[in-house]
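Undergrad: Got a file for you: data32.cif, mmCIF, N, CA and C atoms.
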data_entry
loop_
_atom_site.label_atom_id
_atom_site.label_comp_id
_atom_site.auth_asym_id
_atom_site.auth_seq_id
_atom_site.Cartn_x
_atom_site.Cartn_y
_atom_site.Cartn_z
N MET A 1 94.77 -41.80 51.39
CA MET A 1 95.40 -40.59 51.86
C MET A 1 94.93 -39.44 50.98
N PRO A 2 93.88 -38.77 51.37
CA PRO A 2 93.39 -37.68 50.53
C PRO A 2 94.26 -36.43 50.62
N ILE A 3 94.28 -35.71 49.51
CA ILE A 3 94.91 -34.40 49.44
C ILE A 3 93.80 -33.41 49.12
N LEU A 4 93.65 -32.39 49.94
CA LEU A 4 92.64 -31.36 49.72
C LEU A 4 93.33 -30.04 49.42
N ASP A 5 92.95 -29.43 48.32
CA ASP A 5 93.40 -28.09 47.98
C ASP A 5 92.23 -27.16 48.27
N VAL A 6 92.45 -26.23 49.17
CA VAL A 6 91.41 -25.28 49.56
C VAL A 6 91.84 -23.89 49.13
N GLU A 7 90.98 -23.23 48.35
CA GLU A 7 91.27 -21.89 47.87
C GLU A 7 90.17 -20.95 48.35
N VAL A 8 90.56 -19.99 49.16
CA VAL A 8 89.62 -19.04 49.75
C VAL A 8 89.69 -17.74 48.95
N VAL A 9 88.53 -17.29 48.47
CA VAL A 9 88.47 -16.04 47.72
C VAL A 9 88.18 -14.90 48.69
N GLY A 10 89.03 -13.89 48.64
CA GLY A 10 88.83 -12.71 49.47
C GLY A 10 89.45 -12.85 50.84
N PRO A 11 89.41 -11.76 51.59
CA PRO A 11 90.07 -11.74 52.89
C PRO A 11 89.31 -12.52 53.95
N LEU A 12 90.05 -12.94 54.94
CA LEU A 12 89.48 -13.56 56.14
C LEU A 12 89.97 -12.75 57.34
N ALA A 13 89.16 -12.71 58.35
CA ALA A 13 89.58 -12.06 59.59
C ALA A 13 90.83 -12.76 60.11
N ARG A 14 91.72 -11.99 60.69
CA ARG A 14 92.97 -12.55 61.22
C ARG A 14 92.69 -13.70 62.17
N SER A 15 91.65 -13.56 62.99
CA SER A 15 91.32 -14.61 63.96
C SER A 15 90.88 -15.90 63.28
N VAL A 16 90.25 -15.80 62.10
CA VAL A 16 89.84 -16.99 61.35
C VAL A 16 91.03 -17.58 60.61
N ARG A 17 91.85 -16.72 60.06
CA ARG A 17 92.99 -17.16 59.26
C ARG A 17 94.05 -17.89 60.10
N LYS A 18 94.24 -17.43 61.34
CA LYS A 18 95.24 -18.03 62.21
C LYS A 18 94.87 -19.49 62.52
N GLY A 19 95.75 -20.40 62.14
CA GLY A 19 95.54 -21.82 62.42
C GLY A 19 94.55 -22.50 61.48
N LEU A 20 94.10 -21.79 60.44
CA LEU A 20 93.06 -22.32 59.57
C LEU A 20 93.46 -23.63 58.90
N VAL A 21 94.66 -23.71 58.37
CA VAL A 21 95.05 -24.92 57.65
C VAL A 21 95.03 -26.14 58.57
N GLN A 22 95.45 -25.97 59.82
CA GLN A 22 95.42 -27.10 60.75
C GLN A 22 93.99 -27.47 61.12
N ARG A 23 93.14 -26.45 61.32
CA ARG A 23 91.72 -26.74 61.61
C ARG A 23 91.09 -27.50 60.46
N LEU A 24 91.41 -27.10 59.23
CA LEU A 24 90.86 -27.79 58.06
C LEU A 24 91.34 -29.24 58.02
N ALA A 25 92.64 -29.45 58.21
CA ALA A 25 93.19 -30.81 58.16
C ALA A 25 92.57 -31.68 59.24
N ASP A 26 92.45 -31.15 60.44
CA ASP A 26 91.86 -31.93 61.54
C ASP A 26 90.39 -32.24 61.29
N ALA A 27 89.63 -31.23 60.88
CA ALA A 27 88.20 -31.43 60.65
C ALA A 27 87.96 -32.44 59.53
N CYS A 28 88.70 -32.30 58.43
CA CYS A 28 88.50 -33.19 57.29
C CYS A 28 88.99 -34.60 57.60
N GLY A 29 90.11 -34.72 58.31
CA GLY A 29 90.61 -36.04 58.69
C GLY A 29 89.63 -36.78 59.59
N GLU A 30 89.06 -36.05 60.55
CA GLU A 30 88.07 -36.66 61.44
C GLU A 30 86.81 -37.04 60.68
N LEU A 31 86.38 -36.15 59.81
CA LEU A 31 85.17 -36.41 59.02
C LEU A 31 85.35 -37.66 58.16
N LEU A 32 86.54 -37.82 57.58
CA LEU A 32 86.82 -38.97 56.72
C LEU A 32 87.22 -40.20 57.52
N ASP A 33 87.29 -40.06 58.86
CA ASP A 33 87.62 -41.15 59.78
C ASP A 33 88.98 -41.78 59.45
N LEU A 34 89.97 -40.90 59.30
CA LEU A 34 91.32 -41.35 58.97
C LEU A 34 92.27 -41.11 60.14
N PRO A 35 93.31 -41.96 60.27
CA PRO A 35 94.29 -41.73 61.34
C PRO A 35 95.04 -40.43 61.12
N GLN A 36 95.63 -39.92 62.19
CA GLN A 36 96.41 -38.69 62.09
C GLN A 36 97.53 -38.86 61.07
N GLY A 37 97.81 -37.79 60.35
CA GLY A 37 98.87 -37.81 59.36
C GLY A 37 98.45 -38.36 58.01
N ARG A 38 97.16 -38.69 57.84
CA ARG A 38 96.69 -39.29 56.59
C ARG A 38 95.81 -38.37 55.75
N THR A 39 95.62 -37.14 56.21
CA THR A 39 94.85 -36.16 55.44
C THR A 39 95.73 -34.93 55.26
N TRP A 40 95.96 -34.56 54.02
CA TRP A 40 96.85 -33.44 53.71
C TRP A 40 96.04 -32.30 53.12
N VAL A 41 96.33 -31.09 53.57
CA VAL A 41 95.60 -29.90 53.10
C VAL A 41 96.60 -28.84 52.66
N ARG A 42 96.35 -28.29 51.48
CA ARG A 42 97.10 -27.13 51.00
C ARG A 42 96.10 -25.98 50.93
N LEU A 43 96.50 -24.84 51.47
CA LEU A 43 95.61 -23.69 51.56
C LEU A 43 96.17 -22.52 50.77
N ARG A 44 95.30 -21.92 49.96
CA ARG A 44 95.69 -20.74 49.18
C ARG A 44 94.62 -19.67 49.32
N PHE A 45 95.05 -18.43 49.13
CA PHE A 45 94.12 -17.30 49.18
C PHE A 45 94.14 -16.59 47.83
N LEU A 46 92.96 -16.27 47.32
CA LEU A 46 92.82 -15.60 46.04
C LEU A 46 92.20 -14.23 46.28
N PRO A 47 92.90 -13.17 45.88
CA PRO A 47 92.31 -11.83 46.05
C PRO A 47 91.00 -11.71 45.26
N VAL A 48 90.08 -10.95 45.80
CA VAL A 48 88.77 -10.76 45.18
C VAL A 48 88.89 -10.27 43.75
N ASP A 49 89.88 -9.42 43.46
CA ASP A 49 90.00 -8.90 42.11
C ASP A 49 90.52 -9.93 41.11
N GLN A 50 90.81 -11.13 41.58
CA GLN A 50 91.23 -12.21 40.69
C GLN A 50 90.16 -13.30 40.59
N TYR A 51 88.93 -12.97 40.95
CA TYR A 51 87.80 -13.89 40.87
C TYR A 51 86.67 -13.21 40.13
N GLY A 52 86.01 -13.95 39.26
CA GLY A 52 84.88 -13.38 38.52
C GLY A 52 83.75 -14.38 38.36
N GLU A 53 82.58 -13.85 38.10
CA GLU A 53 81.40 -14.65 37.80
C GLU A 53 80.70 -14.01 36.62
N HIS A 54 80.06 -14.82 35.81
CA HIS A 54 79.28 -14.32 34.70
C HIS A 54 78.24 -13.35 35.24
N GLY A 55 78.23 -12.15 34.73
CA GLY A 55 77.27 -11.15 35.19
C GLY A 55 77.76 -10.32 36.35
N GLY A 56 78.93 -10.64 36.87
CA GLY A 56 79.49 -9.88 37.99
C GLY A 56 79.38 -10.64 39.30
N VAL A 57 80.24 -10.31 40.21
CA VAL A 57 80.28 -10.98 41.51
C VAL A 57 79.46 -10.19 42.52
N PRO A 58 78.44 -10.81 43.10
CA PRO A 58 77.70 -10.12 44.16
C PRO A 58 78.65 -9.79 45.32
N LYS A 59 78.48 -8.64 45.94
CA LYS A 59 79.39 -8.19 47.00
C LYS A 59 79.43 -9.14 48.19
N ASP A 60 78.34 -9.82 48.49
CA ASP A 60 78.31 -10.69 49.66
C ASP A 60 78.80 -12.11 49.38
N VAL A 61 79.18 -12.42 48.15
CA VAL A 61 79.65 -13.76 47.81
C VAL A 61 81.17 -13.82 47.93
N LYS A 62 81.64 -14.72 48.75
CA LYS A 62 83.07 -14.95 48.95
C LYS A 62 83.29 -16.46 48.91
N PRO A 63 83.50 -17.02 47.72
CA PRO A 63 83.57 -18.47 47.57
C PRO A 63 84.81 -19.10 48.19
N VAL A 64 84.68 -20.38 48.45
CA VAL A 64 85.78 -21.25 48.83
C VAL A 64 85.69 -22.45 47.91
N PHE A 65 86.80 -22.78 47.27
CA PHE A 65 86.85 -23.93 46.37
C PHE A 65 87.68 -25.03 47.01
N VAL A 66 87.15 -26.24 47.02
CA VAL A 66 87.84 -27.37 47.61
C VAL A 66 87.98 -28.45 46.54
N THR A 67 89.20 -28.84 46.24
CA THR A 67 89.47 -29.92 45.30
C THR A 67 90.01 -31.09 46.10
N VAL A 68 89.41 -32.26 45.90
CA VAL A 68 89.75 -33.45 46.69
C VAL A 68 90.32 -34.52 45.77
N LEU A 69 91.47 -35.04 46.15
CA LEU A 69 92.09 -36.15 45.45
C LEU A 69 92.19 -37.31 46.42
N ARG A 70 91.53 -38.41 46.08
CA ARG A 70 91.59 -39.64 46.90
C ARG A 70 91.95 -40.79 45.99
N ALA A 71 92.63 -41.78 46.54
CA ALA A 71 92.99 -42.96 45.76
C ALA A 71 91.73 -43.60 45.18
N ALA A 72 90.73 -43.76 46.03
CA ALA A 72 89.46 -44.36 45.60
C ALA A 72 88.32 -43.64 46.31
N PRO A 73 87.82 -42.56 45.71
CA PRO A 73 86.73 -41.83 46.37
C PRO A 73 85.46 -42.67 46.40
N PRO A 74 84.57 -42.36 47.33
CA PRO A 74 83.30 -43.07 47.36
C PRO A 74 82.49 -42.75 46.10
N THR A 75 81.42 -43.47 45.92
CA THR A 75 80.56 -43.25 44.77
C THR A 75 79.11 -43.11 45.23
N GLY A 76 78.27 -42.67 44.32
CA GLY A 76 76.84 -42.60 44.58
C GLY A 76 76.48 -41.75 45.78
N ARG A 77 75.58 -42.28 46.60
CA ARG A 77 75.10 -41.53 47.77
C ARG A 77 76.20 -41.26 48.78
N SER A 78 77.13 -42.19 48.89
CA SER A 78 78.25 -41.99 49.83
C SER A 78 79.08 -40.78 49.41
N LEU A 79 79.30 -40.62 48.11
CA LEU A 79 80.04 -39.48 47.61
C LEU A 79 79.26 -38.19 47.88
N ALA A 80 77.98 -38.20 47.62
CA ALA A 80 77.15 -37.02 47.85
C ALA A 80 77.18 -36.61 49.33
N ARG A 81 77.08 -37.59 50.23
CA ARG A 81 77.13 -37.29 51.66
C ARG A 81 78.50 -36.73 52.05
N GLU A 82 79.56 -37.34 51.52
CA GLU A 82 80.90 -36.87 51.86
C GLU A 82 81.13 -35.46 51.34
N MET A 83 80.69 -35.18 50.13
CA MET A 83 80.85 -33.84 49.56
C MET A 83 80.13 -32.80 50.42
N GLN A 84 78.92 -33.10 50.82
CA GLN A 84 78.16 -32.16 51.64
C GLN A 84 78.82 -31.96 53.00
N ALA A 85 79.27 -33.06 53.60
CA ALA A 85 79.92 -32.96 54.91
C ALA A 85 81.22 -32.17 54.84
N LEU A 86 82.02 -32.41 53.79
CA LEU A 86 83.26 -31.65 53.62
C LEU A 86 82.96 -30.17 53.40
N GLY A 87 81.98 -29.89 52.57
CA GLY A 87 81.59 -28.50 52.33
C GLY A 87 81.17 -27.79 53.60
N THR A 88 80.40 -28.47 54.43
CA THR A 88 79.95 -27.90 55.69
C THR A 88 81.12 -27.67 56.64
N ALA A 89 82.03 -28.65 56.73
CA ALA A 89 83.19 -28.53 57.62
C ALA A 89 84.11 -27.40 57.18
N VAL A 90 84.34 -27.27 55.89
CA VAL A 90 85.20 -26.20 55.37
C VAL A 90 84.53 -24.85 55.60
N ALA A 91 83.25 -24.76 55.36
CA ALA A 91 82.53 -23.50 55.59
C ALA A 91 82.65 -23.06 57.04
N LYS A 92 82.46 -23.99 57.96
CA LYS A 92 82.55 -23.66 59.38
C LYS A 92 83.95 -23.17 59.74
N ALA A 93 84.97 -23.88 59.26
CA ALA A 93 86.36 -23.50 59.58
C ALA A 93 86.71 -22.13 59.01
N CYS A 94 86.17 -21.81 57.84
CA CYS A 94 86.49 -20.55 57.16
C CYS A 94 85.57 -19.40 57.55
N GLY A 95 84.50 -19.70 58.27
CA GLY A 95 83.54 -18.66 58.62
C GLY A 95 82.75 -18.18 57.42
N ARG A 96 82.51 -19.06 56.48
CA ARG A 96 81.75 -18.73 55.27
C ARG A 96 80.47 -19.57 55.23
N PRO A 97 79.44 -19.09 54.55
CA PRO A 97 78.21 -19.88 54.43
C PRO A 97 78.46 -21.14 53.59
N PRO A 98 77.85 -22.26 53.95
CA PRO A 98 78.04 -23.50 53.19
C PRO A 98 77.70 -23.34 51.70
N GLU A 99 76.74 -22.47 51.38
CA GLU A 99 76.36 -22.30 49.97
C GLU A 99 77.46 -21.60 49.17
N ASN A 100 78.47 -21.07 49.83
CA ASN A 100 79.60 -20.45 49.14
C ASN A 100 80.78 -21.40 48.98
N VAL A 101 80.65 -22.63 49.45
CA VAL A 101 81.74 -23.61 49.37
C VAL A 101 81.43 -24.59 48.25
N HIS A 102 82.39 -24.77 47.36
CA HIS A 102 82.22 -25.63 46.19
C HIS A 102 83.26 -26.75 46.25
N VAL A 103 82.78 -27.99 46.21
CA VAL A 103 83.65 -29.16 46.36
C VAL A 103 83.74 -29.91 45.05
N LEU A 104 84.96 -30.13 44.59
CA LEU A 104 85.21 -30.84 43.34
C LEU A 104 86.09 -32.05 43.63
N TYR A 105 85.67 -33.22 43.18
CA TYR A 105 86.49 -34.42 43.33
C TYR A 105 87.23 -34.70 42.04
N GLU A 106 88.53 -34.92 42.17
CA GLU A 106 89.36 -35.35 41.05
C GLU A 106 89.03 -36.81 40.74
N PRO A 107 89.38 -37.28 39.53
CA PRO A 107 89.23 -38.72 39.25
C PRO A 107 90.06 -39.51 40.26
N PRO A 108 89.72 -40.78 40.48
CA PRO A 108 90.47 -41.59 41.45
C PRO A 108 91.97 -41.54 41.19
N GLY A 109 92.73 -41.42 42.27
CA GLY A 109 94.18 -41.35 42.16
C GLY A 109 94.85 -42.70 42.03
N ALA A 110 94.15 -43.77 42.37
CA ALA A 110 94.73 -45.12 42.30
C ALA A 110 95.23 -45.41 40.89
N GLY A 111 96.47 -45.86 40.81
CA GLY A 111 97.04 -46.20 39.53
C GLY A 111 97.64 -45.03 38.77
N ARG A 112 97.49 -43.80 39.32
CA ARG A 112 98.03 -42.64 38.63
C ARG A 112 98.69 -41.63 39.55
N VAL A 113 98.62 -41.84 40.87
CA VAL A 113 99.20 -40.90 41.82
C VAL A 113 100.02 -41.67 42.85
N ALA A 114 101.15 -41.10 43.24
CA ALA A 114 101.95 -41.67 44.32
C ALA A 114 101.71 -40.83 45.57
N PHE A 115 101.06 -41.39 46.55
CA PHE A 115 100.80 -40.72 47.82
C PHE A 115 101.98 -41.03 48.74
N GLY A 116 102.66 -40.01 49.19
CA GLY A 116 103.82 -40.22 50.05
C GLY A 116 104.94 -40.96 49.33
N GLY A 117 105.00 -40.81 48.01
CA GLY A 117 106.04 -41.45 47.23
C GLY A 117 105.75 -42.89 46.85
N ARG A 118 104.59 -43.39 47.26
CA ARG A 118 104.21 -44.77 46.95
C ARG A 118 102.96 -44.75 46.07
N ALA A 119 103.05 -45.45 44.96
CA ALA A 119 101.91 -45.48 44.03
C ALA A 119 100.71 -46.12 44.71
N ALA A 120 99.59 -45.44 44.59
CA ALA A 120 98.34 -46.00 45.11
C ALA A 120 97.92 -47.13 44.20
N PRO A 121 97.66 -48.32 44.74
CA PRO A 121 97.31 -49.45 43.87
C PRO A 121 95.97 -49.24 43.19
N THR A 122 95.86 -49.78 42.00
CA THR A 122 94.59 -49.76 41.29
C THR A 122 93.66 -50.74 41.98
N PRO A 123 92.39 -50.36 42.23
CA PRO A 123 91.46 -51.28 42.89
C PRO A 123 91.41 -52.61 42.15
N GLY A 124 91.43 -53.68 42.93
CA GLY A 124 91.36 -55.02 42.34
C GLY A 124 92.71 -55.58 41.96
N ARG A 125 93.76 -54.79 42.06
CA ARG A 125 95.11 -55.27 41.75
C ARG A 125 95.92 -55.27 43.03
N PRO A 126 96.52 -56.41 43.37
CA PRO A 126 97.32 -56.46 44.61
C PRO A 126 98.58 -55.61 44.48
N ARG A 127 99.06 -55.12 45.62
CA ARG A 127 100.33 -54.39 45.65
C ARG A 127 101.46 -55.35 45.37
N SER A 128 102.46 -54.86 44.69
CA SER A 128 103.66 -55.66 44.42
C SER A 128 104.40 -55.89 45.74
N SER A 129 104.96 -57.08 45.90
CA SER A 129 105.72 -57.37 47.11
C SER A 129 107.15 -56.93 46.98
N ARG A 130 107.56 -56.48 45.76
CA ARG A 130 108.93 -56.01 45.56
C ARG A 130 109.13 -54.67 46.25
N ARG A 131 110.30 -54.45 46.77
CA ARG A 131 110.62 -53.16 47.42
C ARG A 131 111.78 -52.53 46.76
#
Kindly present the structure from the file in structure tokens form.

TA:
Amino acid sequence: MPILDVEVVGPLARSVRKGLVQRLADACGELLDLPQGRTWVRLRFLPVDQYGEHGGVPKDVKPVFVTVLRAAPPTGRSLAREMQALGTAVAKACGRPPENVHVLYEPPGAGRVAFGGRAAPTPGRPRSSRR
């Protein structure tokens, strides 16, 4: 059950902003091939004056930052493909160029995060049968 935090820098057209969080959740859930209700997205907007880059921010750059938390994210080439696909899907939904979307994966959540109030099991360790 991944949790995606999406932070959009700068304004978006009203037509793009309307329904954006649902479009993101649907696109990312489909991309990750997960059943409905298993992909969660939190969306935030950051004013341009609260974003900076070393040397100054070019006027045409409007980044989107995506942080992904998964119980057990893929590794190697699978991770690289997933990161690129997520970046492309988020860029399309936000109306931003893919090169302005930055995807960061958190360390695996298994063993340290409770998704839906239930601890994600550590890989290789069976779930407890106690309730």

Undergrad: Quick one: of A:Lys62, A:Arg112, A:Arg70, A:Arg77, who's nearest to Gly10 (chain A), counting all atoms listed in the file?

TA: A:Lys62

Undergrad: Considering only alpha helix (DSSP H) as DSSP defines it on the backbone, what residues of chain A qualify? List them as a CSV table (one decimal) with N, CA and C atoms, in the frame of the given file.

TA:
chain,number,residue,atom,x,y,z
A,14,ARG,N,91.7,-12.0,60.7
A,14,ARG,CA,93.0,-12.6,61.2
A,14,ARG,C,92.7,-13.7,62.2
A,15,SER,N,91.6,-13.6,63.0
A,15,SER,CA,91.3,-14.6,64.0
A,15,SER,C,90.9,-15.9,63.3
A,16,VAL,N,90.2,-15.8,62.1
A,16,VAL,CA,89.8,-17.0,61.4
A,16,VAL,C,91.0,-17.6,60.6
A,17,ARG,N,91.8,-16.7,60.1
A,17,ARG,CA,93.0,-17.2,59.3
A,17,ARG,C,94.0,-17.9,60.1
A,20,LEU,N,94.1,-21.8,60.4
A,20,LEU,CA,93.1,-22.3,59.6
A,20,LEU,C,93.5,-23.6,58.9
A,21,VAL,N,94.7,-23.7,58.4
A,21,VAL,CA,95.0,-24.9,57.6
A,21,VAL,C,95.0,-26.1,58.6
A,22,GLN,N,95.4,-26.0,59.8
A,22,GLN,CA,95.4,-27.1,60.8
A,22,GLN,C,94.0,-27.5,61.1
A,23,ARG,N,93.1,-26.4,61.3
A,23,ARG,CA,91.7,-26.7,61.6
A,23,ARG,C,91.1,-27.5,60.5
A,24,LEU,N,91.4,-27.1,59.2
A,24,LEU,CA,90.9,-27.8,58.1
A,24,LEU,C,91.3,-29.2,58.0
A,25,ALA,N,92.6,-29.4,58.2
A,25,ALA,CA,93.2,-30.8,58.2
A,25,ALA,C,92.6,-31.7,59.2
A,26,ASP,N,92.4,-31.2,60.4
A,26,ASP,CA,91.9,-31.9,61.5
A,26,ASP,C,90.4,-32.2,61.3
A,27,ALA,N,89.6,-31.2,60.9
A,27,ALA,CA,88.2,-31.4,60.6
A,27,ALA,C,88.0,-32.4,59.5
A,28,CYS,N,88.7,-32.3,58.4
A,28,CYS,CA,88.5,-33.2,57.3
A,28,CYS,C,89.0,-34.6,57.6
A,29,GLY,N,90.1,-34.7,58.3
A,29,GLY,CA,90.6,-36.0,58.7
A,29,GLY,C,89.6,-36.8,59.6
A,30,GLU,N,89.1,-36.0,60.6
A,30,GLU,CA,88.1,-36.7,61.4
A,30,GLU,C,86.8,-37.0,60.7
A,31,LEU,N,86.4,-36.2,59.8
A,31,LEU,CA,85.2,-36.4,59.0
A,31,LEU,C,85.4,-37.7,58.2
A,76,GLY,N,78.3,-42.7,44.3
A,76,GLY,CA,76.8,-42.6,44.6
A,76,GLY,C,76.5,-41.8,45.8
A,77,ARG,N,75.6,-42.3,46.6
A,77,ARG,CA,75.1,-41.5,47.8
A,77,ARG,C,76.2,-41.3,48.8
A,78,SER,N,77.1,-42.2,48.9
A,78,SER,CA,78.2,-42.0,49.8
A,78,SER,C,79.1,-40.8,49.4
A,79,LEU,N,79.3,-40.6,48.1
A,79,LEU,CA,80.0,-39.5,47.6
A,79,LEU,C,79.3,-38.2,47.9
A,80,ALA,N,78.0,-38.2,47.6
A,80,ALA,CA,77.2,-37.0,47.8
A,80,ALA,C,77.2,-36.6,49.3
A,81,ARG,N,77.1,-37.6,50.2
A,81,ARG,CA,77.1,-37.3,51.7
A,81,ARG,C,78.5,-36.7,52.0
A,82,GLU,N,79.6,-37.3,51.5
A,82,GLU,CA,80.9,-36.9,51.9
A,82,GLU,C,81.1,-35.5,51.3
A,83,MET,N,80.7,-35.2,50.1
A,83,MET,CA,80.8,-33.8,49.6
A,83,MET,C,80.1,-32.8,50.4
A,84,GLN,N,78.9,-33.1,50.8
A,84,GLN,CA,78.2,-32.2,51.6
A,84,GLN,C,78.8,-32.0,53.0
A,85,ALA,N,79.3,-33.1,53.6
A,85,ALA,CA,79.9,-33.0,54.9
A,85,ALA,C,81.2,-32.2,54.8
A,86,LEU,N,82.0,-32.4,53.8
A,86,LEU,CA,83.3,-31.6,53.6
A,86,LEU,C,83.0,-30.2,53.4
A,87,GLY,N,82.0,-29.9,52.6
A,87,GLY,CA,81.6,-28.5,52.3
A,87,GLY,C,81.2,-27.8,53.6
A,88,THR,N,80.4,-28.5,54.4
A,88,THR,CA,80.0,-27.9,55.7
A,88,THR,C,81.1,-27.7,56.6
A,89,ALA,N,82.0,-28.6,56.7
A,89,ALA,CA,83.2,-28.5,57.6
A,89,ALA,C,84.1,-27.4,57.2
A,90,VAL,N,84.3,-27.3,55.9
A,90,VAL,CA,85.2,-26.2,55.4
A,90,VAL,C,84.5,-24.8,55.6
A,91,ALA,N,83.2,-24.8,55.4
A,91,ALA,CA,82.5,-23.5,55.6
A,91,ALA,C,82.6,-23.1,57.0
A,92,LYS,N,82.5,-24.0,58.0
A,92,LYS,CA,82.6,-23.7,59.4
A,92,LYS,C,84.0,-23.2,59.7
A,93,ALA,N,85.0,-23.9,59.3
A,93,ALA,CA,86.4,-23.5,59.6
A,93,ALA,C,86.7,-22.1,59.0
A,94,CYS,N,86.2,-21.8,57.8
A,94,CYS,CA,86.5,-20.6,57.2
A,94,CYS,C,85.6,-19.4,57.6

Undergrad: So, with all atoms listed in the file as the atoms that count, which of A:Met83, A:Val57, A:Val68, A:Val41 lies closest to Leu24 (chain A)?

TA: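 Looking at the shortest contact to Leu24 (chain A), the residue is A:Val41.
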
Undergrad: To one decimal place in Å, what is the distance between CA of Glu7 (chain A) and CA of Leu46 (chain A)?

TA: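 Straight-line distance from CA of Glu7 (chain A) to CA of Leu46 (chain A) works out to 6.7 Å.
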
Undergrad: Identify which of the residues A:Leu4, A:Leu20, A:Ala119, A:Ala13 lies closest to Trp40 (chain A), counting all atoms listed in the file when measuring atom-to-atom distances.

TA: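 Closest residue, counting all atoms listed in the file: A:Leu4.
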
Undergrad: Would you give the centre and edge lengths, in Å to one decimal, of a box along x, y and z around the listed atoms of region 74-86 of chain A, with 3 Å added to each side, as AutoDock Vina command-line options?

TA:
--center_x 79.8 --center_y -36.8 --center_z 49.6 --size_x 15.5 --size_y 19.3 --size_z 16.6

Undergrad: Report the residues retrieved by the PyMOL selection byres (((chain A and resi 95 and name CA) around 12) and name CA) from the displayed file, expressed as a ChimeraX atom specification.

TA: /A:8,11-17,20,23-24,62-64,87-94,96-101

Undergrad: Rounded to one decimal, what separation in Å do you get between CA of Val103 (chain A) and CA of Leu69 (chain A)?

TA: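 These two atoms are separated by 11.0 Å.
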
Undergrad: Take the PyMOL selection byres ((chain A and resi 104) around 6), run it mentally on this structure, and tell me the resulting residues as a ChimeraX atom specification.

TA: /A:66-68,102-103,105-106

Undergrad: Please report the interatomic distance between atom C of Gly109 (chain A) and atom C of Ala85 (chain A) in Å with one decimal.

TA: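 These two atoms are separated by 21.5 Å.
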
Undergrad: Translate the PyMOL selection byres (((chain A and resi 72 and name CA) around 7) and name CA), as applied to the file shown, into an explicit residue set as JSON, numbers by chain.

TA: {"A": [70, 71, 73, 74, 108, 109, 110]}

Undergrad: Quick one: of A:Thr122, A:Glu82, A:Thr39, A:Phe65, who's nearest to Asp26 (chain A), counting only N, CA and C atoms?

TA: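 Comparing A:Thr122, A:Glu82, A:Thr39, A:Phe65 against Asp26 (chain A), the winner is A:Thr39.
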
Undergrad: Which is closer to Pro2 (chain A) than all the others in A:Arg38, A:Gly117, A:Arg81, A:Pro58, using only N, CA and C atoms?

TA: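 Comparing A:Arg38, A:Gly117, A:Arg81, A:Pro58 against Pro2 (chain A), the winner is A:Arg38.
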
Undergrad: With all atoms listed in the file as the atoms that count, which of A:Val21, A:Ile3, A:Ser78, A:Phe115 lies nearest to Leu43 (chain A)?

TA: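 With all atoms listed in the file as the atom set, the closest residue is A:Val21.
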
Undergrad: Based on DSSP run over this structure's backbone, return all residues of chain A in strand (DSSP E), as a list in words.

TA: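 In chain A, DSSP puts these residues in strand (DSSP E): Ile3, Leu4, Asp5, Val6, Glu7, Val8, Val9, Trp40, Val41, Arg42, Leu43, Arg44, Phe45, Leu46, Val64, Phe65, Val66, Thr67, Val68, Leu69, Val101, His102, Val103, Leu104, Tyr105, Ala114, Phe115, Arg118 and Ala119 of chain A.
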